[in-house]
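The structure file run_31.pdb is reproduced below (PDB, C-alpha atoms, pLDDT in the B column).
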```
ATOM      1  CA  MET S   1      -5.170   5.796 -16.362  1.00 74.00           C
ATOM      2  CA  LEU S   2      -4.134   2.660 -14.460  1.00 85.00           C
ATOM      3  CA  VAL S   3      -3.164   0.754 -17.590  1.00 88.00           C
ATOM      4  CA  GLY S   4      -0.657   3.482 -18.381  1.00 88.00           C
ATOM      5  CA  GLU S   5       0.684   3.367 -14.807  1.00 89.00           C
ATOM      6  CA  ALA S   6       1.142  -0.385 -15.134  1.00 89.00           C
ATOM      7  CA  LEU S   7       2.939  -0.028 -18.462  1.00 88.00           C
ATOM      8  CA  ASP S   8       5.281   2.637 -17.076  1.00 90.00           C
ATOM      9  CA  ALA S   9       6.029   0.444 -14.041  1.00 86.00           C
ATOM     10  CA  GLY S  10       7.081  -2.448 -16.260  1.00 88.00           C
ATOM     11  CA  VAL S  11       4.127  -4.681 -15.433  1.00 87.00           C
ATOM     12  CA  GLU S  12       3.766  -7.527 -17.915  1.00 87.00           C
ATOM     13  CA  LEU S  13       0.437  -6.872 -19.613  1.00 89.00           C
ATOM     14  CA  CYS S  14      -1.042  -9.847 -21.470  1.00 88.00           C
ATOM     15  CA  ASP S  15      -4.131  -8.429 -23.164  1.00 90.00           C
ATOM     16  CA  VAL S  16      -5.654  -4.965 -23.322  1.00 91.00           C
ATOM     17  CA  PHE S  17      -9.209  -4.247 -24.489  1.00 92.00           C
ATOM     18  CA  VAL S  18      -9.941  -0.778 -25.812  1.00 92.00           C
ATOM     19  CA  GLU S  19     -13.143   0.958 -26.780  1.00 90.00           C
ATOM     20  CA  PRO S  20     -13.057   3.438 -29.710  1.00 90.00           C
ATOM     21  CA  ASP S  21     -11.160   6.732 -29.397  1.00 82.00           C
ATOM     22  CA  VAL S  22      -9.860   6.023 -25.872  1.00 85.00           C
ATOM     23  CA  ALA S  23      -6.350   7.286 -25.041  1.00 85.00           C
ATOM     24  CA  PRO S  24      -4.905   6.884 -28.556  1.00 89.00           C
ATOM     25  CA  ALA S  25      -1.385   7.783 -27.404  1.00 92.00           C
ATOM     26  CA  LEU S  26      -1.505   5.072 -24.735  1.00 91.00           C
ATOM     27  CA  VAL S  27      -2.878   2.541 -27.210  1.00 90.00           C
ATOM     28  CA  GLU S  28       0.017   3.320 -29.534  1.00 91.00           C
ATOM     29  CA  ALA S  29       2.508   2.939 -26.668  1.00 92.00           C
ATOM     30  CA  LEU S  30       0.990  -0.422 -25.769  1.00 90.00           C
ATOM     31  CA  ARG S  31       1.284  -1.679 -29.317  1.00 90.00           C
ATOM     32  CA  ASP S  32       4.871  -0.399 -29.519  1.00 89.00           C
ATOM     33  CA  SER S  33       5.574  -2.479 -26.395  1.00 90.00           C
ATOM     34  CA  GLN S  34       4.277  -5.599 -28.152  1.00 91.00           C
ATOM     35  CA  VAL S  35       1.202  -5.816 -25.908  1.00 90.00           C
ATOM     36  CA  MET S  36      -1.801  -7.503 -27.508  1.00 92.00           C
ATOM     37  CA  VAL S  37      -4.463  -4.793 -27.932  1.00 92.00           C
ATOM     38  CA  TYR S  38      -8.001  -5.718 -28.919  1.00 91.00           C
ATOM     39  CA  ASP S  39     -10.506  -3.161 -30.205  1.00 92.00           C
ATOM     40  CA  VAL S  40     -13.984  -3.644 -28.750  1.00 91.00           C
ATOM     41  CA  ALA S  41     -17.294  -1.895 -29.334  1.00 90.00           C
ATOM     42  CA  GLN S  42     -18.246   1.255 -27.465  1.00 89.00           C
ATOM     43  CA  GLY S  43     -19.736   0.292 -24.101  1.00 86.00           C
ATOM     44  CA  ALA S  44     -18.563  -3.319 -24.304  1.00 85.00           C
ATOM     45  CA  LEU S  45     -16.592  -3.066 -21.058  1.00 85.00           C
ATOM     46  CA  VAL S  46     -19.538  -1.936 -18.935  1.00 84.00           C
ATOM     47  CA  GLY S  47     -20.486  -5.501 -18.044  1.00 76.00           C
ATOM     48  CA  ALA S  48     -16.928  -6.823 -17.956  1.00 78.00           C
ATOM     49  CA  VAL S  49     -15.448  -4.680 -15.173  1.00 79.00           C
ATOM     50  CA  ASP S  50     -16.718  -3.742 -11.727  1.00 74.00           C
ATOM     51  CA  THR S  51     -16.806   0.040 -12.139  1.00 74.00           C
ATOM     52  CA  ALA S  52     -20.110   1.694 -12.998  1.00 68.00           C
ATOM     53  CA  THR S  53     -18.469   4.010 -15.543  1.00 71.00           C
ATOM     54  CA  PRO S  54     -15.315   2.332 -16.915  1.00 74.00           C
ATOM     55  CA  GLN S  55     -12.713   4.446 -18.674  1.00 80.00           C
ATOM     56  CA  GLY S  56     -12.971   2.448 -21.873  1.00 86.00           C
ATOM     57  CA  MET S  57      -9.848   0.349 -21.357  1.00 90.00           C
ATOM     58  CA  ALA S  58      -9.196  -2.862 -19.419  1.00 88.00           C
ATOM     59  CA  ALA S  59      -6.123  -5.050 -19.131  1.00 87.00           C
ATOM     60  CA  ILE S  60      -5.180  -8.537 -17.997  1.00 87.00           C
ATOM     61  CA  ALA S  61      -1.865  -9.084 -16.223  1.00 84.00           C
ATOM     62  CA  PRO S  62      -0.309 -11.969 -14.259  1.00 81.00           C
ATOM     63  CA  LEU S  63      -0.078 -11.662 -10.502  1.00 74.00           C
ATOM     64  CA  PRO S  64       3.388 -10.577  -9.338  1.00 74.00           C
ATOM     65  CA  ASP S  65       5.404 -12.288  -6.593  1.00 74.00           C
ATOM     66  CA  LEU S  66       3.650 -10.959  -3.510  1.00 82.00           C
ATOM     67  CA  SER S  67       5.420 -12.905  -0.767  1.00 91.00           C
ATOM     68  CA  VAL S  68       6.220 -11.300   2.586  1.00 93.00           C
ATOM     69  CA  ASP S  69       9.773 -12.694   2.505  1.00 92.00           C
ATOM     70  CA  ARG S  70      10.488 -11.124  -0.888  1.00 94.00           C
ATOM     71  CA  ALA S  71       9.063  -7.713   0.019  1.00 96.00           C
ATOM     72  CA  LEU S  72      10.872  -7.644   3.360  1.00 96.00           C
ATOM     73  CA  ALA S  73      14.172  -8.698   1.782  1.00 95.00           C
ATOM     74  CA  LEU S  74      13.923  -5.869  -0.752  1.00 95.00           C
ATOM     75  CA  ALA S  75      13.302  -3.369   2.052  1.00 97.00           C
ATOM     76  CA  LEU S  76      16.144  -4.638   4.227  1.00 96.00           C
ATOM     77  CA  ALA S  77      18.566  -4.140   1.363  1.00 96.00           C
ATOM     78  CA  ARG S  78      18.035  -0.387   1.738  1.00 95.00           C
ATOM     79  CA  VAL S  79      19.693   1.951   4.231  1.00 93.00           C
ATOM     80  CA  ASP S  80      17.426   2.653   7.233  1.00 94.00           C
ATOM     81  CA  PRO S  81      14.420   0.913   5.658  1.00 97.00           C
ATOM     82  CA  PHE S  82      10.850   2.013   6.291  1.00 98.00           C
ATOM     83  CA  VAL S  83       8.223  -0.729   6.113  1.00 98.00           C
ATOM     84  CA  LEU S  84       4.481  -0.132   6.480  1.00 98.00           C
ATOM     85  CA  VAL S  85       2.597  -3.065   8.027  1.00 98.00           C
ATOM     86  CA  LEU S  86      -1.187  -3.399   7.827  1.00 98.00           C
ATOM     87  CA  ILE S  87      -2.839  -5.935  10.140  1.00 97.00           C
ATOM     88  CA  GLU S  88      -6.523  -6.756   9.614  1.00 96.00           C
ATOM     89  CA  VAL S  89      -7.175  -3.671   7.492  1.00 97.00           C
ATOM     90  CA  ARG S  90     -10.286  -4.808   5.656  1.00 95.00           C
ATOM     91  CA  ASP S  91     -11.479  -1.880   3.551  1.00 96.00           C
ATOM     92  CA  PRO S  92      -9.985  -1.945   0.028  1.00 95.00           C
ATOM     93  CA  GLY S  93     -10.159   1.846  -0.228  1.00 96.00           C
ATOM     94  CA  ASN S  94      -8.109   2.214   2.948  1.00 97.00           C
ATOM     95  CA  VAL S  95      -5.498  -0.274   1.775  1.00 97.00           C
ATOM     96  CA  GLY S  96      -5.225   1.394  -1.623  1.00 96.00           C
ATOM     97  CA  THR S  97      -4.885   4.839  -0.048  1.00 97.00           C
ATOM     98  CA  LEU S  98      -2.205   3.553   2.325  1.00 98.00           C
ATOM     99  CA  LEU S  99      -0.267   2.046  -0.582  1.00 97.00           C
ATOM    100  CA  ARG S 100      -0.339   5.455  -2.242  1.00 97.00           C
ATOM    101  CA  THR S 101       0.768   7.057   1.027  1.00 98.00           C
ATOM    102  CA  ALA S 102       3.545   4.499   1.435  1.00 98.00           C
ATOM    103  CA  GLU S 103       5.024   5.337  -1.943  1.00 97.00           C
ATOM    104  CA  ALA S 104       4.685   9.086  -1.380  1.00 97.00           C
ATOM    105  CA  ALA S 105       6.388   8.880   2.032  1.00 97.00           C
ATOM    106  CA  GLY S 106       9.236   6.725   0.746  1.00 97.00           C
ATOM    107  CA  ALA S 107       8.307   3.336   2.196  1.00 98.00           C
ATOM    108  CA  ASP S 108      10.530   0.509   0.993  1.00 98.00           C
ATOM    109  CA  ALA S 109       7.810  -2.155   1.329  1.00 97.00           C
ATOM    110  CA  VAL S 110       4.259  -2.741   2.537  1.00 98.00           C
ATOM    111  CA  LEU S 111       3.300  -5.961   4.343  1.00 97.00           C
ATOM    112  CA  LEU S 112      -0.332  -7.025   4.702  1.00 96.00           C
ATOM    113  CA  ALA S 113      -1.476  -9.557   7.280  1.00 96.00           C
ATOM    114  CA  ASP S 114      -5.064 -10.815   7.441  1.00 93.00           C
ATOM    115  CA  SER S 115      -6.104  -7.824   5.328  1.00 94.00           C
ATOM    116  CA  VAL S 116      -8.143  -7.301   2.185  1.00 93.00           C
ATOM    117  CA  GLU S 117      -6.769  -8.666  -1.088  1.00 91.00           C
ATOM    118  CA  VAL S 118      -4.304  -6.206  -2.556  1.00 90.00           C
ATOM    119  CA  THR S 119      -5.503  -7.219  -6.028  1.00 87.00           C
ATOM    120  CA  SER S 120      -9.062  -6.101  -5.242  1.00 88.00           C
ATOM    121  CA  PRO S 121     -10.144  -3.734  -8.042  1.00 87.00           C
ATOM    122  CA  LYS S 122     -11.002  -0.980  -5.549  1.00 91.00           C
ATOM    123  CA  THR S 123      -7.619  -1.381  -3.850  1.00 93.00           C
ATOM    124  CA  VAL S 124      -5.821  -1.131  -7.175  1.00 90.00           C
ATOM    125  CA  ARG S 125      -7.785   1.956  -8.204  1.00 89.00           C
ATOM    126  CA  SER S 126      -7.368   3.666  -4.813  1.00 93.00           C
ATOM    127  CA  SER S 127      -3.614   3.151  -4.944  1.00 94.00           C
ATOM    128  CA  ALA S 128      -3.404   5.354  -8.078  1.00 91.00           C
ATOM    129  CA  GLY S 129      -0.691   3.129  -9.522  1.00 91.00           C
ATOM    130  CA  SER S 130       1.365   2.667  -6.336  1.00 94.00           C
ATOM    131  CA  VAL S 131       0.346  -0.996  -6.238  1.00 93.00           C
ATOM    132  CA  PHE S 132       2.572  -1.466  -9.295  1.00 92.00           C
ATOM    133  CA  ARG S 133       5.621   0.282  -7.850  1.00 93.00           C
ATOM    134  CA  VAL S 134       5.882  -0.506  -4.122  1.00 95.00           C
ATOM    135  CA  PRO S 135       7.121  -3.963  -3.027  1.00 95.00           C
ATOM    136  CA  ILE S 136       4.118  -5.619  -1.358  1.00 96.00           C
ATOM    137  CA  GLY S 137       4.048  -8.752   0.775  1.00 96.00           C
ATOM    138  CA  VAL S 138       0.795 -10.662   1.372  1.00 94.00           C
ATOM    139  CA  GLY S 139      -0.392 -14.164   2.149  1.00 88.00           C
ATOM    140  CA  ALA S 140       0.783 -14.354   5.758  1.00 91.00           C
ATOM    141  CA  ASP S 141      -1.074 -14.032   9.039  1.00 93.00           C
ATOM    142  CA  ALA S 142      -0.214 -11.538  11.755  1.00 95.00           C
ATOM    143  CA  GLU S 143       1.866 -14.049  13.721  1.00 94.00           C
ATOM    144  CA  THR S 144       4.071 -14.795  10.708  1.00 94.00           C
ATOM    145  CA  VAL S 145       4.582 -11.129   9.876  1.00 95.00           C
ATOM    146  CA  LEU S 146       5.398 -10.204  13.482  1.00 95.00           C
ATOM    147  CA  ALA S 147       7.892 -13.069  13.688  1.00 94.00           C
ATOM    148  CA  ALA S 148       9.552 -11.848  10.497  1.00 94.00           C
ATOM    149  CA  LEU S 149       9.775  -8.316  11.889  1.00 94.00           C
ATOM    150  CA  SER S 150      11.286  -9.470  15.182  1.00 91.00           C
ATOM    151  CA  GLY S 151      14.262 -10.987  13.422  1.00 87.00           C
ATOM    152  CA  SER S 152      14.729  -8.256  10.858  1.00 94.00           C
ATOM    153  CA  GLY S 153      16.435  -5.524  12.855  1.00 94.00           C
ATOM    154  CA  LEU S 154      13.511  -3.180  12.273  1.00 97.00           C
ATOM    155  CA  THR S 155      12.064  -1.264  15.216  1.00 97.00           C
ATOM    156  CA  SER S 156       8.356  -2.077  15.177  1.00 97.00           C
ATOM    157  CA  VAL S 157       6.179   0.908  16.075  1.00 98.00           C
ATOM    158  CA  GLY S 158       2.469   0.337  16.631  1.00 96.00           C
ATOM    159  CA  THR S 159      -0.334   2.862  16.740  1.00 93.00           C
ATOM    160  CA  VAL S 160      -2.847   3.062  19.587  1.00 92.00           C
ATOM    161  CA  VAL S 161      -5.603   5.512  20.479  1.00 89.00           C
ATOM    162  CA  ARG S 162      -4.270   6.576  23.893  1.00 87.00           C
ATOM    163  CA  ASP S 163      -1.780   5.942  26.709  1.00 89.00           C
ATOM    164  CA  ALA S 164       1.345   6.126  24.560  1.00 95.00           C
ATOM    165  CA  PRO S 165       3.924   8.793  23.610  1.00 95.00           C
ATOM    166  CA  ALA S 166       2.875  11.297  20.961  1.00 96.00           C
ATOM    167  CA  TYR S 167       3.927  10.413  17.432  1.00 96.00           C
ATOM    168  CA  ASP S 168       5.751  13.727  16.916  1.00 95.00           C
ATOM    169  CA  ARG S 169       7.810  13.212  20.083  1.00 95.00           C
ATOM    170  CA  THR S 170       8.981   9.754  19.111  1.00 95.00           C
ATOM    171  CA  ASP S 171      12.147   9.048  17.129  1.00 95.00           C
ATOM    172  CA  LEU S 172      11.050   7.514  13.832  1.00 96.00           C
ATOM    173  CA  THR S 173      14.430   7.655  12.123  1.00 94.00           C
ATOM    174  CA  GLY S 174      16.492   4.537  11.540  1.00 94.00           C
ATOM    175  CA  ALA S 175      15.071   1.181  10.449  1.00 97.00           C
ATOM    176  CA  VAL S 176      11.353   1.287  11.276  1.00 98.00           C
ATOM    177  CA  ALA S 177       8.257  -0.829  10.690  1.00 98.00           C
ATOM    178  CA  LEU S 178       5.114   1.252  11.209  1.00 98.00           C
ATOM    179  CA  VAL S 179       2.263  -1.072  12.200  1.00 98.00           C
ATOM    180  CA  LEU S 180      -1.415  -0.128  11.711  1.00 97.00           C
ATOM    181  CA  GLY S 181      -4.432  -2.137  12.846  1.00 96.00           C
ATOM    182  CA  ASN S 182      -8.040  -2.803  11.985  1.00 95.00           C
ATOM    183  CA  GLU S 183     -10.459   0.045  11.205  1.00 92.00           C
ATOM    184  CA  ALA S 184     -12.803  -0.798  14.085  1.00 90.00           C
ATOM    185  CA  HIS S 185     -10.612  -2.060  16.920  1.00 90.00           C
ATOM    186  CA  GLY S 186      -7.036  -1.191  15.972  1.00 92.00           C
ATOM    187  CA  LEU S 187      -4.220  -3.431  17.157  1.00 94.00           C
ATOM    188  CA  GLY S 188      -5.169  -6.135  19.631  1.00 93.00           C
ATOM    189  CA  ALA S 189      -3.446  -6.356  23.012  1.00 93.00           C
ATOM    190  CA  GLN S 190      -1.503  -9.478  22.010  1.00 94.00           C
ATOM    191  CA  ILE S 191      -0.120  -7.732  18.960  1.00 95.00           C
ATOM    192  CA  GLN S 192       0.755  -4.602  20.941  1.00 95.00           C
ATOM    193  CA  ASP S 193       2.774  -6.740  23.343  1.00 95.00           C
ATOM    194  CA  ARG S 194       4.881  -8.004  20.440  1.00 95.00           C
ATOM    195  CA  LEU S 195       5.892  -4.542  19.249  1.00 96.00           C
ATOM    196  CA  ASP S 196       8.932  -2.501  20.301  1.00 96.00           C
ATOM    197  CA  ARG S 197       7.106   0.814  20.746  1.00 96.00           C
ATOM    198  CA  LEU S 198       3.614   2.250  20.788  1.00 97.00           C
ATOM    199  CA  ILE S 199       2.667   5.781  19.717  1.00 97.00           C
ATOM    200  CA  THR S 200      -0.520   7.795  19.560  1.00 95.00           C
ATOM    201  CA  ILE S 201      -1.916  10.841  17.777  1.00 95.00           C
ATOM    202  CA  PRO S 202      -3.095  13.395  20.378  1.00 93.00           C
ATOM    203  CA  MET S 203      -6.445  14.938  19.490  1.00 90.00           C
ATOM    204  CA  ALA S 204      -8.026  18.123  20.808  1.00 89.00           C
ATOM    205  CA  GLY S 205     -11.616  17.290  19.880  1.00 87.00           C
ATOM    206  CA  ARG S 206     -13.997  14.636  21.144  1.00 85.00           C
ATOM    207  CA  VAL S 207     -13.520  12.178  18.264  1.00 84.00           C
ATOM    208  CA  GLU S 208     -12.320   8.801  19.466  1.00 81.00           C
ATOM    209  CA  SER S 209      -9.929   8.072  16.631  1.00 83.00           C
ATOM    210  CA  LEU S 210      -9.002   8.838  13.031  1.00 90.00           C
ATOM    211  CA  ASN S 211      -9.696   6.752   9.965  1.00 94.00           C
ATOM    212  CA  VAL S 212      -6.812   4.294   9.543  1.00 96.00           C
ATOM    213  CA  ALA S 213      -5.826   5.701   6.151  1.00 96.00           C
ATOM    214  CA  MET S 214      -5.781   9.243   7.538  1.00 96.00           C
ATOM    215  CA  ALA S 215      -3.819   8.205  10.634  1.00 96.00           C
ATOM    216  CA  GLY S 216      -1.380   6.183   8.549  1.00 97.00           C
ATOM    217  CA  THR S 217      -0.794   9.107   6.213  1.00 97.00           C
ATOM    218  CA  LEU S 218      -0.127  11.482   9.103  1.00 97.00           C
ATOM    219  CA  LEU S 219       2.320   9.075  10.735  1.00 97.00           C
ATOM    220  CA  ALA S 220       4.118   8.160   7.513  1.00 98.00           C
ATOM    221  CA  PHE S 221       4.735  11.795   6.673  1.00 98.00           C
ATOM    222  CA  GLU S 222       5.930  12.519  10.213  1.00 97.00           C
ATOM    223  CA  LEU S 223       8.434   9.733   9.666  1.00 97.00           C
ATOM    224  CA  LEU S 224       9.460  11.328   6.375  1.00 97.00           C
ATOM    225  CA  ARG S 225       9.720  14.768   8.018  1.00 97.00           C
ATOM    226  CA  GLN S 226      12.017  13.438  10.715  1.00 96.00           C
ATOM    227  CA  ARG S 227      14.216  11.671   8.192  1.00 94.00           C
ATOM    228  CA  ARG S 228      14.489  14.766   6.024  1.00 93.00           C
ATOM    229  CA  ALA S 229      15.517  16.811   9.082  1.00 91.00           C
ATOM    230  CA  HIS S 230      17.922  14.134  10.260  1.00 81.00           C
ATOM    231  CA  ARG S 231      19.457  13.427   6.862  1.00 75.00           C
ATOM    232  CA  PRO S 232      19.010  16.380   4.470  1.00 62.00           C
TER     233      PRO S 232
END
```

With the file now loaded, output its structure as structure tokens.
Amino acid sequence: MLVGEALDAGVELCDVFVEPDVAPALVEALRDSQVMVYDVAQGALVGAVDTATPQGMAAIAPLPDLSVDRALALALARVDPFVLVLIEVRDPGNVGTLLRTAEAAGADAVLLADSVEVTSPKTVRSSAGSVFRVPIGVGADAETVLAALSGSGLTSVGTVVRDAPAYDRTDLTGAVALVLGNEAHGLGAQIQDRLDRLITIPMAGRVESLNVAMAGTLLAFELLRQRRAHRP
């Protein structure tokens, strides 16, 4: 349950609303943490949240500091940082899945430029709690994010459909920013020109491209595989 993920991640929860007999152990943990818990009638949350079948618990929490500068600074404090950058990724499910992927693959931060709101309910749900644990930077346009990357010491690696080296034949160790583009048209030519490297995923079939969340997952775990081989 996302409320439990938020509590475990140290998110400051203001108010939690609970229908009868829902996750009693979690409710007890919330009260032990001095969170205000309000009992509501069965079915009361149906009209208060955007899911068709809510889990019987909803919480209110303040927005965290989601600045690009903060997220990037946290990543650069790590050895050989890995930063995932999403430019014009508009589907909340894709962004949430990529946040989950980023945490699983060991990303030190995720930066979003001109993308869907990371606080979108569907994004939060799709992230399976990763939105609470991975440093995230939002609120900047692509130009600002690319300028920040160019002065960071990170090697920016963009993804394109064709006419680039294969992802599994490209060195992804070291300090890397993996840059993914829009679901429909990918990274524009002007953005590609600003990046240090371009890579592609070779495909045997006739499909033109992969879903951005699927492609991002494949590339992030190739990066992790290379790092594990390079630095056991």

message = Please enumerate the residues selected by the PyMOL selection byres ((chain S and resi 103-112) around 7) when evaluated against the supplied file, formatted as a PyMOL selection string.
response = chain S and resi 68+71-72+75+81-87+99-102+113-115+130+134-138+220-221+224

key: Residues within 6 Å of range 57-63 of chain S, all atoms listed in the file, excluding chain neighbours under 2 positions, as a PyMOL selection string   = chain S and resi 13-18+55

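Proximity ranking of S:Leu195, S:Ala25, S:Met36, S:Val145 relative to Glu12 in chain S places S:Met36 first, based on only C-alpha atoms.
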
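Here CA of Gln34 in chain S is placed at a distance of 23.7 Å from CA of Val124 in chain S.
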
inquiry  = Taking (-11.5, 7.5, -25.4) in the coordinates of the supplied file, I want to know which residues reach to within 10 Å of it, counting only C-alpha atoms; could you give the answer as a ChimeraX atom specification?
reply    = /S:18-24,42,55-57

Let's have the selection written as a compact mmCIF listing (two decimals), in the coordinates of the input, with C-alpha atoms.
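The file below, out_0.txt, is the result:
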```txt
# COMPACT_ATOMS: atom_id res chain seq x y z
CA VAL S 18 -9.94 -0.78 -25.81
CA GLU S 19 -13.14 0.96 -26.78
CA PRO S 20 -13.06 3.44 -29.71
CA ASP S 21 -11.16 6.73 -29.40
CA VAL S 22 -9.86 6.02 -25.87
CA ALA S 23 -6.35 7.29 -25.04
CA PRO S 24 -4.90 6.88 -28.56
CA GLN S 42 -18.25 1.25 -27.46
CA GLN S 55 -12.71 4.45 -18.67
CA GLY S 56 -12.97 2.45 -21.87
CA MET S 57 -9.85 0.35 -21.36
```

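Closest approach to Val116 in chain S among S:Gly205, S:Gly96, S:Thr144, S:Val157 is made by S:Gly96 (distances from all atoms listed in the file).
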
request  = State, in Å with one decimal place, the distance from CA of Gly151 in chain S to CA of Leu180 in chain S.
outcome  = 19.1 Å

key: Selection result for the PyMOL selection byres ((chain S and resi 168) around 12) on this file, as an MDAnalysis selection string   = chainID S and resid 164:167 169:173 199:202 218:226

Residue IDs satisfying the PyMOL selection byres ((chain S and resi 191) around 10), as number ranges by chain = S: 87, 142-143, 146, 158, 179, 181, 186-190, 192-195

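Distance-wise, CA of Val46 in chain S and CA of Ala9 in chain S end up 26.1 Å apart.
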
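Nearest to Ser152 in chain S of all the residues S:Leu98, S:Met214, S:Val176, S:Met203 is S:Val176, based on all atoms listed in the file.
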
Neighbour list for Thr123 in chain S as a count of residues only, cut-off 8 Å, only C-alpha atoms, skip fewer than 5 positions in-chain = 8

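Distance annotation: of S:Ala140, S:Ala128, S:Val89, S:Ala175, the residue with the minimal separation from Asn211 in chain S is S:Val89; atom set is only C-alpha atoms.
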
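Minimum atom-to-atom distance to Asp80 in chain S, evaluated using all atoms listed in the file, belongs to S:Leu154 out of S:Leu154, S:Val161, S:Val49, S:Val35.
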
task = Can you work out which one of S:Thr155, S:Arg90, S:Arg133, S:Arg78 has the shortest atom-to-atom distance to Gly10 in chain S, counting all atoms listed in the file?
result = S:Arg133
